[in-house]
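Just below is one structure, and these are the notes that go with it.
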Amino acid sequence: MSTPAPRIMPSVTESDPDDLAFQRYVLDLALQPIDRFDGFDRIEQIGGSALRYQLNFVGYALAMAQYTRTPAFTGYLAEAQRNAILKMCDKRVWGYWAAESLIGYARINTDPIRHANVMYSGYFGVMLGLYETLNADPTFDRPGSLKLTWGPRTTHDYDFARLSRAIRRNMLARKNCPQYACEPHLIYPICNVFAFNTLVMHDRLHGTELTGDLVDRVRHSYLHDGWRLRNGRFIPGRLGPSLTISKPVLGYDAGMVAWLNAMMPDLARDTWTTIRDRFVDYDGTNARLRGSARARVDLGNYNVVNGDGMTKVFVASAAAEMGDSDLAAALTRSLGESYRLVERDGARRFAGVSTVTNAHHALTRFLRPDGLRDLMLGAVPPQWRAGPVLADAAYPDVLVARAVTDGAGLELVLRPGRGTQRVRLAVHRLVPHRSYRVTGATEPTATADANGECVIEVDLGGRTDVHLTPA
């Protein structure tokens with residue numbers, strides 16, 4: 001397998017106040033105590049409303065915000081991603097698998113990763129890969145760092161490598177089909193896209209060779225085993241490798257576009273062309289999806305009355321990834337025509353749509369053309385890895401709209417999240433003992449300590465630019 005080359009220098013833009021308000025919604029979900037799930041939908045844990053999918057898209061949205069807006073900011077943004085990962089280890093998230101394994105496979109198995117269950121392991125692995133790509137943090141590479149505790153005597157210890165090896169074993173288990181099951185015996189291509197994206201990221205980050213020819217084998221299966229139709233649309237699922245259980249679904253096809261773009265960009269582009277030509281009306285200002293909105297369901301809360309919000313968000317994310325940014329924005333705006341905006345303590349969401357759809361909407365707002373592709377392929381410039389970072393800022397007092405480094409200096413755009421006040425910012429990865437010129441802070445200079453760190457103070461009352469440059 002040859003891995004496509006990512007772009008050299010990704011662009012970094014500034015979040016506007018609306019972006020920051022929607023980001024606060026997912027931040028608030030993730031930054032609450034690890035054992036709490038306030039604000040999450042709690043319906044059931046097998047289908048689309050499950051906690052795991054809500055956590056997945058919270059993590060993906062935060063990672064994309066960091067990548068396209070604030071790559072030189074760790075602080076509470078990285079903490080929120082870590083929290084989402086640790087919440088995935090809560091038994092309330094994965095404990096469903098014991099019953100599914102017993103009923104579907106006649107196996108007594110409390111481990112949700114070892115056998116089948118790509119709907120947990122594949123999506124979880126992408127969270128780990130995106131987080132480590134952006135933050136160069138080895139926390140989840142340590143053995144036992146992902147501890148799944150079933151009871152006093154039963155714990156399943158995992159880490160990024162062990163989870164990735166389990167994905168590989170499952171994808172190789174069936175000679176006639178490189179994809180493995182979600183619910184017992186049910187195979188869904190979208191889940192397996194997350195599985196091989198996990199392997200690709202682990203190989204890139206750690207120099208392993210877990211992916212092997214699996215991407216090529218999955219591609220061959222798409223084209224020759226009937227998973228992908230001639231018009232580019234996908235069979236959403238099958239019982240085993242051959243018994244089709246559903247005809248193509250618009251939102252599903254759009255999800256395949258966005259997440260397949262990293263490793264099979266040509267297939268993603270062809271599928272997107274079909275979606276754009278056959279299912280979207282766009283006059284340059286307004287966009288709508290063809291067909292009846294009442295025929296679509298928000299699988300995150302099973303809304304069948306006005307459930308097309310999820311489909312709109314999936315299509316908008318595909319449009320953003322494929323470079324149709326104006327169409328993506330128009331579809332996102334159209335959500336306001338059907339759903340009421342709710343704001344609480346500065347955090348904004350759409351009422352009536354599920355938590356997973358709201359989180360996916362946040363991801364869509366932060367996407368840019370080839371954003372998922374570039375991030376999964378590791379298009380992170382060396383300047384970002386070595387230059388100064390904003391390592392600590394109080395949340396929600398400080399909302400970071402932009403943070404980027406050229407390898408020597410640091411550029412920040414900040415907004416207040418809780419009124420005018422003087423705030424302290426911790427900057428790390430400076431040159432030890434070097435002096436820096438500072439604009440936008442209370443003092444015009446700052447000197448790094450022996451660890452390459454300093455603290456500056458800023459009077460934050462509105463949009464504020466802060467620059468640190470070597471003196």
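In the structure tokens, chains take letters A, B, ... by order of appearance, with residues numbered from 1 within each chain and ligands from 1 in the order shown.
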_Need to verify the contact set: Ala408 in chain A, 12 Å, only C-alpha atoms, exclusion of same-chain residues closer than 2 positions in sequence. Can you return it as a list of chain:residue names?_
A:Ala72, A:Pro382, A:Gln383, A:Trp384, A:Arg385, A:Ala386, A:Gly387, A:Pro388, A:Val389, A:Val404, A:Thr405, A:Asp406, A:Leu410, A:Glu411, A:His428, A:Arg429, A:Leu430, A:Val431, A:Arg434, A:Ser435, A:Tyr436, A:Arg437, A:His467, A:Leu468, A:Thr469, A:Pro470, A:Ala471
List the neighbours of Asn170 in chain A out to 8 Å using only C-alpha atoms; skip same-chain residues closer than 3 positions along the sequence, and give me the result as a compact mmCIF listing (two decimals) with N, CA and C atoms, in the first residue's frame.
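Dumped to selection_37.txt:
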# COMPACT_ATOMS: atom_id res chain seq x y z
N HIS A 115 -12.88 -9.27 19.92
CA HIS A 115 -13.56 -9.98 18.84
C HIS A 115 -14.68 -9.12 18.27
N ALA A 116 -14.60 -8.86 16.95
CA ALA A 116 -15.64 -8.10 16.24
C ALA A 116 -15.79 -6.70 16.86
N ALA A 166 -5.56 -5.39 17.56
CA ALA A 166 -6.84 -6.09 17.58
C ALA A 166 -7.65 -5.79 16.32
N ILE A 167 -7.63 -4.54 15.88
CA ILE A 167 -8.31 -4.18 14.63
C ILE A 167 -7.73 -4.98 13.47
N ALA A 173 -9.42 -11.76 9.83
CA ALA A 173 -10.01 -13.00 10.31
C ALA A 173 -10.78 -13.76 9.24
N ARG A 174 -11.36 -13.04 8.28
CA ARG A 174 -12.19 -13.68 7.26
C ARG A 174 -11.50 -13.55 5.90
N GLN A 179 -13.44 -6.80 5.81
CA GLN A 179 -14.17 -5.97 6.74
C GLN A 179 -14.78 -6.85 7.84
N TYR A 180 -14.89 -6.27 9.05
CA TYR A 180 -15.47 -7.09 10.12
C TYR A 180 -16.70 -6.42 10.73
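Between Ile85 in chain A and the residues A:Ser242, A:Thr439, A:Asn56, A:Thr420, the shortest atom-to-atom distance, using only C-alpha atoms, involves A:Asn56.
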*From a DSSP calculation on the backbone, collect every residue of range 190-406 of chain A in helix (DSSP H, G or I) and output the set as a ChimeraX atom specification.*
/A:190-206,214-224,250-260,265-279,293-295,309-321,325-338,355-366,371-376,382-386
